[in-house]
Amino acid sequence: MSKLTVCDHPLIQHKLTIMRKKETSSHEFRELVKEIATLMGYEVTRDLELSDIEIETPLEKTIGKEISGKKLGIVPILRAGVGMVDGFLSLVPVARVGYIGLYRDPETLKPVTYYNKMPKDISERTMILVDPMLATGGSLIEAVRELKNSGAKSIKAVCIVGAPEGIKAFQEAHPDVDLYLAAVDRCLNDHGYILPGLGDAGDRIFGTK
Ligand code: PRP
Ligand code: URA
């Protein structure tokens, strides 16, 4: 079973409550997605490997630590995942960014992939997949499948709100991929929307609808 971490820091919970409110504007919503992604990024990057490096301070030589290996990859699921990219880049500005284009067919709720553009050497990078919503889990499950088919070996998945149904489906489909959430909500409605949720994340971020 993959590990589930719920990042319930008070700042994250406070910001998420504002995001949920129906009267929150797109402008505020977008900012909050970015801020929550930054705060979650702190937890998601906690176990990055370090190596020793010899440096010289103005006073003497010493051994410092630096993050080892190839630069991280951040992969938003289009569209809503794009809202989380800047938050991660504010912590790891040198990260590479790949894109997976997926949408949920409104009738079947099944994911349809329409785009996949990854950085080079993804088998040597930790790839962090971001999407604010984990509802049925179909999109995230398919996106991880795409990443694995593209060669990724070390993947973490980061969503803001998850439904129990989607979390279970994801953990069963990809037991090797750790999942990070800011909140676990109650359930899905008949249209696959998360309750209480925050509505359609893509529409709220980009002001469509
Ligand atoms: C939303 C969301 C996820 C997906 C989650 O995207 O951003 O990608 O739904 O649902 P699932 O867990 O049931 O697959 P949507 O398909 O609405 O596309 P959009 O980002 O282009 O609006
Ligand atoms: N996608 C969203 O944007 N919101 C939901 O509640 C479910 C899927």
# chains A, B, ... in the order shown; residues from 1 in each chain; ligands from 1
call {"tool": "residues_near_ligand", "arguments": {"ligand": "ligand 1", "cutoff": "10 Å", "atoms": "only C-alpha atoms and all ligand atoms", "output": "ChimeraX atom specification"}}
result
/A:76-83,100-106,108-112,130-143,159,161-163,165-167,169-170,188,191-194,199-206,208
call {"tool": "residues_around", "arguments": {"residues": "Lys15 (chain A)", "least_positions_apart": "5", "cutoff": "10 Å", "atoms": "only C-alpha atoms", "output": "list in words"}}
result
Pro10, Arg20, Phe29, Glu31, Leu32, Val33, Glu35 and Ile36 of chain A
call {"tool": "write_last_selection", "arguments": {"atoms": "all heavy atoms", "output": "PDB file, in the first residue's frame"}}
result
ATOM      1  N   PRO A  10      -1.811  24.072  10.201  1.00  0.00           N
ATOM      2  CA  PRO A  10      -2.885  25.065  10.368  1.00  0.00           C
ATOM      3  C   PRO A  10      -2.973  26.076   9.219  1.00  0.00           C
ATOM      4  O   PRO A  10      -4.077  26.462   8.819  1.00  0.00           O
ATOM      5  CB  PRO A  10      -2.503  25.777  11.679  1.00  0.00           C
ATOM      6  CG  PRO A  10      -1.679  24.786  12.430  1.00  0.00           C
ATOM      7  CD  PRO A  10      -0.973  23.946  11.409  1.00  0.00           C
ATOM      8  N   ARG A  20     -12.530  26.826  -0.362  1.00  0.00           N
ATOM      9  CA  ARG A  20     -13.808  26.108  -0.480  1.00  0.00           C
ATOM     10  C   ARG A  20     -14.994  27.070  -0.636  1.00  0.00           C
ATOM     11  O   ARG A  20     -15.999  26.721  -1.235  1.00  0.00           O
ATOM     12  CB  ARG A  20     -14.047  25.261   0.778  1.00  0.00           C
ATOM     13  CG  ARG A  20     -13.130  24.056   0.916  1.00  0.00           C
ATOM     14  CD  ARG A  20     -13.596  23.273   2.127  1.00  0.00           C
ATOM     15  NE  ARG A  20     -12.685  22.228   2.559  1.00  0.00           N
ATOM     16  CZ  ARG A  20     -12.633  21.000   2.052  1.00  0.00           C
ATOM     17  NH1 ARG A  20     -13.426  20.682   1.048  1.00  0.00           N
ATOM     18  NH2 ARG A  20     -11.804  20.104   2.547  1.00  0.00           N
ATOM     19  N   PHE A  29      -8.465  32.469  -5.400  1.00  0.00           N
ATOM     20  CA  PHE A  29      -8.380  31.007  -5.465  1.00  0.00           C
ATOM     21  C   PHE A  29      -7.031  30.576  -6.031  1.00  0.00           C
ATOM     22  O   PHE A  29      -6.358  29.695  -5.493  1.00  0.00           O
ATOM     23  CB  PHE A  29      -9.531  30.486  -6.332  1.00  0.00           C
ATOM     24  CG  PHE A  29      -9.745  29.005  -6.266  1.00  0.00           C
ATOM     25  CD1 PHE A  29     -10.623  28.444  -5.352  1.00  0.00           C
ATOM     26  CD2 PHE A  29      -9.074  28.154  -7.135  1.00  0.00           C
ATOM     27  CE1 PHE A  29     -10.823  27.071  -5.301  1.00  0.00           C
ATOM     28  CE2 PHE A  29      -9.259  26.782  -7.085  1.00  0.00           C
ATOM     29  CZ  PHE A  29     -10.142  26.244  -6.175  1.00  0.00           C
ATOM     30  N   GLU A  31      -4.226  32.260  -6.107  1.00  0.00           N
ATOM     31  CA  GLU A  31      -3.157  32.551  -5.135  1.00  0.00           C
ATOM     32  C   GLU A  31      -3.099  31.480  -4.057  1.00  0.00           C
ATOM     33  O   GLU A  31      -2.026  31.039  -3.642  1.00  0.00           O
ATOM     34  CB  GLU A  31      -3.421  33.913  -4.458  1.00  0.00           C
ATOM     35  CG  GLU A  31      -2.834  35.103  -5.181  1.00  0.00           C
ATOM     36  CD  GLU A  31      -1.352  34.936  -5.481  1.00  0.00           C
ATOM     37  OE1 GLU A  31      -0.570  34.724  -4.545  1.00  0.00           O
ATOM     38  OE2 GLU A  31      -0.990  34.985  -6.674  1.00  0.00           O
ATOM     39  N   LEU A  32      -4.283  31.064  -3.581  1.00  0.00           N
ATOM     40  CA  LEU A  32      -4.343  30.092  -2.492  1.00  0.00           C
ATOM     41  C   LEU A  32      -3.835  28.718  -2.947  1.00  0.00           C
ATOM     42  O   LEU A  32      -3.144  28.027  -2.194  1.00  0.00           O
ATOM     43  CB  LEU A  32      -5.787  29.976  -1.976  1.00  0.00           C
ATOM     44  CG  LEU A  32      -6.257  31.221  -1.199  1.00  0.00           C
ATOM     45  CD1 LEU A  32      -7.779  31.282  -1.157  1.00  0.00           C
ATOM     46  CD2 LEU A  32      -5.672  31.227   0.215  1.00  0.00           C
ATOM     47  N   VAL A  33      -4.156  28.342  -4.178  1.00  0.00           N
ATOM     48  CA  VAL A  33      -3.645  27.063  -4.714  1.00  0.00           C
ATOM     49  C   VAL A  33      -2.122  27.094  -4.684  1.00  0.00           C
ATOM     50  O   VAL A  33      -1.460  26.141  -4.269  1.00  0.00           O
ATOM     51  CB  VAL A  33      -4.150  26.818  -6.152  1.00  0.00           C
ATOM     52  CG1 VAL A  33      -3.446  25.625  -6.779  1.00  0.00           C
ATOM     53  CG2 VAL A  33      -5.648  26.599  -6.165  1.00  0.00           C
ATOM     54  N   GLU A  35      -0.148  29.012  -2.825  1.00  0.00           N
ATOM     55  CA  GLU A  35       0.392  29.044  -1.456  1.00  0.00           C
ATOM     56  C   GLU A  35       0.318  27.664  -0.806  1.00  0.00           C
ATOM     57  O   GLU A  35       1.254  27.224  -0.131  1.00  0.00           O
ATOM     58  CB  GLU A  35      -0.389  30.060  -0.613  1.00  0.00           C
ATOM     59  CG  GLU A  35      -0.083  31.500  -1.000  1.00  0.00           C
ATOM     60  CD  GLU A  35      -1.025  32.494  -0.353  1.00  0.00           C
ATOM     61  OE1 GLU A  35      -1.771  32.121   0.577  1.00  0.00           O
ATOM     62  OE2 GLU A  35      -1.019  33.659  -0.786  1.00  0.00           O
ATOM     63  N   ILE A  36      -0.794  26.971  -1.007  1.00  0.00           N
ATOM     64  CA  ILE A  36      -0.926  25.623  -0.421  1.00  0.00           C
ATOM     65  C   ILE A  36       0.091  24.678  -1.059  1.00  0.00           C
ATOM     66  O   ILE A  36       0.713  23.854  -0.379  1.00  0.00           O
ATOM     67  CB  ILE A  36      -2.374  25.090  -0.569  1.00  0.00           C
ATOM     68  CG1 ILE A  36      -3.295  25.871   0.362  1.00  0.00           C
ATOM     69  CG2 ILE A  36      -2.445  23.596  -0.277  1.00  0.00           C
ATOM     70  CD1 ILE A  36      -4.753  25.459   0.324  1.00  0.00           C
TER      71      ILE A  36
END
call {"tool": "residues_around", "arguments": {"residues": "Leu198 (chain A)", "least_positions_apart": "5", "cutoff": "8 Å", "atoms": "only C-alpha atoms", "output": "short mmCIF file (atom, residue, chain, number, x, y, z; two decimals) with C-alpha atoms, in the first residue's frame"}}
result
data_model
loop_
_atom_site.label_atom_id
_atom_site.label_comp_id
_atom_site.auth_asym_id
_atom_site.auth_seq_id
_atom_site.Cartn_x
_atom_site.Cartn_y
_atom_site.Cartn_z
CA MET A 19 -10.68 28.13 -1.22
CA ARG A 20 -13.81 26.11 -0.48
CA LYS A 21 -16.03 29.19 -0.04
CA LYS A 22 -18.18 29.75 -3.10
#
call {"tool": "select_by_dssp", "arguments": {"residues": "region 12-200 of chain A", "states": "alpha helix (DSSP H)", "output": "short mmCIF file (atom, residue, chain, number, x, y, z; two decimals) with N, CA and C atoms, in the first residue's frame"}}
result
data_model
loop_
_atom_site.label_atom_id
_atom_site.label_comp_id
_atom_site.auth_asym_id
_atom_site.auth_seq_id
_atom_site.Cartn_x
_atom_site.Cartn_y
_atom_site.Cartn_z
N ILE A 12 -2.30 25.56 6.10
CA ILE A 12 -2.92 24.88 4.95
C ILE A 12 -4.42 24.76 5.17
N GLN A 13 -4.81 24.36 6.38
CA GLN A 13 -6.25 24.21 6.66
C GLN A 13 -6.99 25.53 6.52
N HIS A 14 -6.37 26.60 7.01
CA HIS A 14 -6.99 27.92 6.95
C HIS A 14 -7.18 28.35 5.48
N LYS A 15 -6.13 28.17 4.70
CA LYS A 15 -6.20 28.60 3.29
C LYS A 15 -7.20 27.74 2.51
N LEU A 16 -7.26 26.46 2.85
CA LEU A 16 -8.19 25.57 2.15
C LEU A 16 -9.64 25.98 2.43
N THR A 17 -9.91 26.38 3.64
CA THR A 17 -11.27 26.83 3.97
C THR A 17 -11.68 28.01 3.10
N ILE A 18 -10.74 28.93 2.88
CA ILE A 18 -11.06 30.09 2.02
C ILE A 18 -11.30 29.61 0.58
N MET A 19 -10.48 28.65 0.14
CA MET A 19 -10.68 28.13 -1.22
C MET A 19 -12.05 27.49 -1.40
N ARG A 20 -12.53 26.83 -0.36
CA ARG A 20 -13.81 26.11 -0.48
C ARG A 20 -14.99 27.07 -0.64
N SER A 26 -11.69 34.02 -8.45
CA SER A 26 -10.67 33.25 -9.16
C SER A 26 -9.28 33.73 -8.79
N HIS A 27 -9.16 35.04 -8.69
CA HIS A 27 -7.87 35.64 -8.38
C HIS A 27 -7.35 35.14 -7.02
N GLU A 28 -8.23 35.17 -6.01
CA GLU A 28 -7.83 34.69 -4.67
C GLU A 28 -7.59 33.18 -4.69
N PHE A 29 -8.47 32.47 -5.40
CA PHE A 29 -8.38 31.01 -5.46
C PHE A 29 -7.03 30.58 -6.03
N ARG A 30 -6.64 31.24 -7.11
CA ARG A 30 -5.37 30.93 -7.78
C ARG A 30 -4.18 31.14 -6.83
N GLU A 31 -4.23 32.26 -6.11
CA GLU A 31 -3.16 32.55 -5.14
C GLU A 31 -3.10 31.48 -4.06
N LEU A 32 -4.28 31.06 -3.58
CA LEU A 32 -4.34 30.09 -2.49
C LEU A 32 -3.83 28.72 -2.95
N VAL A 33 -4.16 28.34 -4.18
CA VAL A 33 -3.65 27.06 -4.71
C VAL A 33 -2.12 27.09 -4.68
N LYS A 34 -1.58 28.22 -5.13
CA LYS A 34 -0.12 28.35 -5.18
C LYS A 34 0.49 28.30 -3.76
N GLU A 35 -0.15 29.01 -2.83
CA GLU A 35 0.39 29.04 -1.46
C GLU A 35 0.32 27.66 -0.81
N ILE A 36 -0.79 26.97 -1.01
CA ILE A 36 -0.93 25.62 -0.42
C ILE A 36 0.09 24.68 -1.06
N ALA A 37 0.29 24.82 -2.37
CA ALA A 37 1.29 23.95 -3.04
C ALA A 37 2.67 24.19 -2.44
N THR A 38 2.99 25.44 -2.15
CA THR A 38 4.30 25.75 -1.55
C THR A 38 4.42 25.08 -0.18
N LEU A 39 3.38 25.23 0.63
CA LEU A 39 3.43 24.67 1.98
C LEU A 39 3.49 23.13 1.93
N MET A 40 2.75 22.54 1.00
CA MET A 40 2.80 21.08 0.87
C MET A 40 4.16 20.65 0.33
N GLY A 41 4.72 21.46 -0.54
CA GLY A 41 6.02 21.14 -1.14
C GLY A 41 7.10 20.96 -0.09
N TYR A 42 6.98 21.70 0.98
CA TYR A 42 7.94 21.60 2.08
C TYR A 42 7.94 20.18 2.65
N GLU A 43 6.73 19.62 2.81
CA GLU A 43 6.58 18.26 3.36
C GLU A 43 6.98 17.21 2.31
N VAL A 44 6.58 17.47 1.06
CA VAL A 44 6.83 16.49 -0.01
C VAL A 44 8.33 16.32 -0.28
N VAL A 82 -1.69 22.98 -13.25
CA VAL A 82 -0.81 24.11 -13.58
C VAL A 82 -0.79 25.13 -12.43
N GLY A 83 -1.93 25.24 -11.74
CA GLY A 83 -2.03 26.19 -10.63
C GLY A 83 -1.08 25.88 -9.49
N MET A 84 -0.57 24.64 -9.42
CA MET A 84 0.31 24.26 -8.31
C MET A 84 1.79 24.37 -8.66
N VAL A 85 2.10 24.58 -9.94
CA VAL A 85 3.51 24.53 -10.37
C VAL A 85 4.35 25.64 -9.73
N ASP A 86 3.86 26.87 -9.77
CA ASP A 86 4.66 27.98 -9.25
C ASP A 86 4.96 27.81 -7.76
N GLY A 87 4.03 27.22 -7.03
CA GLY A 87 4.25 26.98 -5.61
C GLY A 87 5.46 26.08 -5.41
N PHE A 88 5.53 25.00 -6.19
CA PHE A 88 6.68 24.09 -6.08
C PHE A 88 7.95 24.77 -6.58
N LEU A 89 7.83 25.53 -7.67
CA LEU A 89 9.04 26.18 -8.22
C LEU A 89 9.59 27.25 -7.27
N SER A 90 8.72 27.80 -6.42
CA SER A 90 9.24 28.80 -5.49
C SER A 90 10.16 28.12 -4.45
N LEU A 91 9.96 26.82 -4.23
CA LEU A 91 10.86 26.08 -3.32
C LEU A 91 12.05 25.49 -4.07
N GLY A 138 -9.37 8.31 -11.32
CA GLY A 138 -9.06 7.90 -12.69
C GLY A 138 -7.94 8.73 -13.32
N SER A 139 -7.99 10.05 -13.16
CA SER A 139 -7.00 10.92 -13.81
C SER A 139 -5.61 10.69 -13.24
N LEU A 140 -5.52 10.64 -11.92
CA LEU A 140 -4.20 10.49 -11.29
C LEU A 140 -3.62 9.10 -11.59
N ILE A 141 -4.48 8.10 -11.56
CA ILE A 141 -4.02 6.73 -11.87
C ILE A 141 -3.46 6.68 -13.29
N GLU A 142 -4.19 7.30 -14.23
CA GLU A 142 -3.75 7.28 -15.63
C GLU A 142 -2.47 8.11 -15.80
N ALA A 143 -2.38 9.24 -15.10
CA ALA A 143 -1.20 10.09 -15.22
C ALA A 143 0.05 9.37 -14.71
N VAL A 144 -0.08 8.63 -13.63
CA VAL A 144 1.07 7.87 -13.12
C VAL A 144 1.44 6.77 -14.12
N ARG A 145 0.42 6.16 -14.72
CA ARG A 145 0.69 5.14 -15.74
C ARG A 145 1.51 5.76 -16.89
N GLU A 146 1.10 6.94 -17.33
CA GLU A 146 1.83 7.65 -18.41
C GLU A 146 3.27 7.92 -17.99
N LEU A 147 3.43 8.40 -16.75
CA LEU A 147 4.79 8.70 -16.26
C LEU A 147 5.65 7.44 -16.23
N LYS A 148 5.07 6.35 -15.75
CA LYS A 148 5.82 5.09 -15.70
C LYS A 148 6.17 4.63 -17.12
N ASN A 149 5.21 4.74 -18.04
CA ASN A 149 5.49 4.36 -19.43
C ASN A 149 6.57 5.23 -20.05
N PRO A 164 -12.38 9.66 -0.44
CA PRO A 164 -11.95 8.32 0.00
C PRO A 164 -11.94 7.29 -1.13
N GLU A 165 -12.94 7.37 -2.03
CA GLU A 165 -13.02 6.42 -3.14
C GLU A 165 -11.77 6.50 -4.03
N GLY A 166 -11.39 7.73 -4.35
CA GLY A 166 -10.24 7.96 -5.23
C GLY A 166 -8.93 7.57 -4.57
N ILE A 167 -8.83 7.86 -3.28
CA ILE A 167 -7.60 7.52 -2.56
C ILE A 167 -7.39 6.01 -2.57
N LYS A 168 -8.47 5.28 -2.28
CA LYS A 168 -8.39 3.81 -2.24
C LYS A 168 -8.00 3.27 -3.62
N ALA A 169 -8.69 3.78 -4.66
CA ALA A 169 -8.40 3.29 -6.02
C ALA A 169 -6.95 3.59 -6.38
N PHE A 170 -6.48 4.78 -6.02
CA PHE A 170 -5.10 5.15 -6.37
C PHE A 170 -4.09 4.25 -5.64
N GLN A 171 -4.32 4.07 -4.34
CA GLN A 171 -3.35 3.27 -3.58
C GLN A 171 -3.30 1.82 -4.07
N GLU A 172 -4.46 1.32 -4.53
CA GLU A 172 -4.47 -0.05 -5.05
C GLU A 172 -3.76 -0.12 -6.41
N ALA A 173 -3.98 0.92 -7.24
CA ALA A 173 -3.40 0.90 -8.59
C ALA A 173 -1.89 1.13 -8.57
#
call {"tool": "closest_residue", "arguments": {"among": "A:Val6, A:Ala157, A:Val94, A:Met127", "to": "Ala182 (chain A)", "atoms": "only C-alpha atoms"}}
result
A:Val6
call {"tool": "select_by_dssp", "arguments": {"residues": "region 19-206 of chain A", "states": "strand (DSSP E)", "output": "PyMOL selection string"}}
result
chain A and resi 50-56+61-67+73-78+96-97+99-104+111-117+126-130+133-134+154-158+161-162+178-181+183-184+187-188+194-195
call {"tool": "atom_distance", "arguments": {"atom1": "CA of Cys7 (chain A)", "atom2": "CA of Glu66 (chain A)"}}
result
24.8 Å
call {"tool": "atom_distance", "arguments": {"atom1": "CA of Glu49 (chain A)", "atom2": "CA of Asp121 (chain A)"}}
result
17.9 Å
call {"tool": "decode", "arguments": {"residues": "region 13-71 of chain A", "atoms": "C-alpha atoms", "output": "PDB file, in the first residue's frame"}}
result
ATOM      1  CA  GLN A  13      -6.251  24.212   6.659  1.00  0.00           C
ATOM      2  CA  HIS A  14      -6.992  27.924   6.945  1.00  0.00           C
ATOM      3  CA  LYS A  15      -6.198  28.600   3.292  1.00  0.00           C
ATOM      4  CA  LEU A  16      -8.187  25.568   2.150  1.00  0.00           C
ATOM      5  CA  THR A  17     -11.275  26.827   3.971  1.00  0.00           C
ATOM      6  CA  ILE A  18     -11.061  30.089   2.020  1.00  0.00           C
ATOM      7  CA  MET A  19     -10.677  28.125  -1.219  1.00  0.00           C
ATOM      8  CA  ARG A  20     -13.808  26.108  -0.480  1.00  0.00           C
ATOM      9  CA  LYS A  21     -16.030  29.185  -0.041  1.00  0.00           C
ATOM     10  CA  LYS A  22     -18.176  29.755  -3.102  1.00  0.00           C
ATOM     11  CA  GLU A  23     -17.701  33.522  -2.939  1.00  0.00           C
ATOM     12  CA  THR A  24     -13.876  33.297  -3.216  1.00  0.00           C
ATOM     13  CA  SER A  25     -12.800  34.939  -6.492  1.00  0.00           C
ATOM     14  CA  SER A  26     -10.671  33.248  -9.158  1.00  0.00           C
ATOM     15  CA  HIS A  27      -7.873  35.635  -8.378  1.00  0.00           C
ATOM     16  CA  GLU A  28      -7.827  34.690  -4.674  1.00  0.00           C
ATOM     17  CA  PHE A  29      -8.380  31.007  -5.465  1.00  0.00           C
ATOM     18  CA  ARG A  30      -5.365  30.926  -7.776  1.00  0.00           C
ATOM     19  CA  GLU A  31      -3.157  32.551  -5.135  1.00  0.00           C
ATOM     20  CA  LEU A  32      -4.343  30.092  -2.492  1.00  0.00           C
ATOM     21  CA  VAL A  33      -3.645  27.063  -4.714  1.00  0.00           C
ATOM     22  CA  LYS A  34      -0.119  28.353  -5.179  1.00  0.00           C
ATOM     23  CA  GLU A  35       0.392  29.044  -1.456  1.00  0.00           C
ATOM     24  CA  ILE A  36      -0.926  25.623  -0.421  1.00  0.00           C
ATOM     25  CA  ALA A  37       1.288  23.954  -3.038  1.00  0.00           C
ATOM     26  CA  THR A  38       4.302  25.746  -1.554  1.00  0.00           C
ATOM     27  CA  LEU A  39       3.427  24.666   1.983  1.00  0.00           C
ATOM     28  CA  MET A  40       2.801  21.076   0.870  1.00  0.00           C
ATOM     29  CA  GLY A  41       6.017  21.143  -1.142  1.00  0.00           C
ATOM     30  CA  TYR A  42       7.942  21.599   2.078  1.00  0.00           C
ATOM     31  CA  GLU A  43       6.579  18.263   3.355  1.00  0.00           C
ATOM     32  CA  VAL A  44       6.829  16.491  -0.014  1.00  0.00           C
ATOM     33  CA  THR A  45      10.532  17.332  -0.352  1.00  0.00           C
ATOM     34  CA  ARG A  46      11.385  16.376   3.241  1.00  0.00           C
ATOM     35  CA  ASP A  47      13.057  13.066   2.306  1.00  0.00           C
ATOM     36  CA  LEU A  48      15.174  14.268  -0.622  1.00  0.00           C
ATOM     37  CA  GLU A  49      18.621  12.731  -0.495  1.00  0.00           C
ATOM     38  CA  LEU A  50      21.547  14.909   0.532  1.00  0.00           C
ATOM     39  CA  SER A  51      25.243  14.535  -0.099  1.00  0.00           C
ATOM     40  CA  ASP A  52      28.257  16.212   1.475  1.00  0.00           C
ATOM     41  CA  ILE A  53      30.028  19.039  -0.298  1.00  0.00           C
ATOM     42  CA  GLU A  54      33.218  20.771   0.761  1.00  0.00           C
ATOM     43  CA  ILE A  55      32.865  24.561   0.822  1.00  0.00           C
ATOM     44  CA  GLU A  56      34.778  27.499   2.227  1.00  0.00           C
ATOM     45  CA  THR A  57      33.131  30.057   4.472  1.00  0.00           C
ATOM     46  CA  PRO A  58      34.892  33.423   4.873  1.00  0.00           C
ATOM     47  CA  LEU A  59      36.601  31.821   7.905  1.00  0.00           C
ATOM     48  CA  GLU A  60      37.437  28.211   7.063  1.00  0.00           C
ATOM     49  CA  LYS A  61      36.735  25.103   5.057  1.00  0.00           C
ATOM     50  CA  THR A  62      33.731  23.030   6.107  1.00  0.00           C
ATOM     51  CA  ILE A  63      31.399  20.331   4.865  1.00  0.00           C
ATOM     52  CA  GLY A  64      27.917  21.422   3.804  1.00  0.00           C
ATOM     53  CA  LYS A  65      24.954  19.454   2.470  1.00  0.00           C
ATOM     54  CA  GLU A  66      23.408  19.666  -0.968  1.00  0.00           C
ATOM     55  CA  ILE A  67      20.538  17.864  -2.632  1.00  0.00           C
ATOM     56  CA  SER A  68      22.019  15.041  -4.631  1.00  0.00           C
ATOM     57  CA  GLY A  69      21.086  13.569  -7.972  1.00  0.00           C
ATOM     58  CA  LYS A  70      19.313  15.036 -10.970  1.00  0.00           C
ATOM     59  CA  LYS A  71      16.995  17.998 -10.643  1.00  0.00           C
TER      60      LYS A  71
END
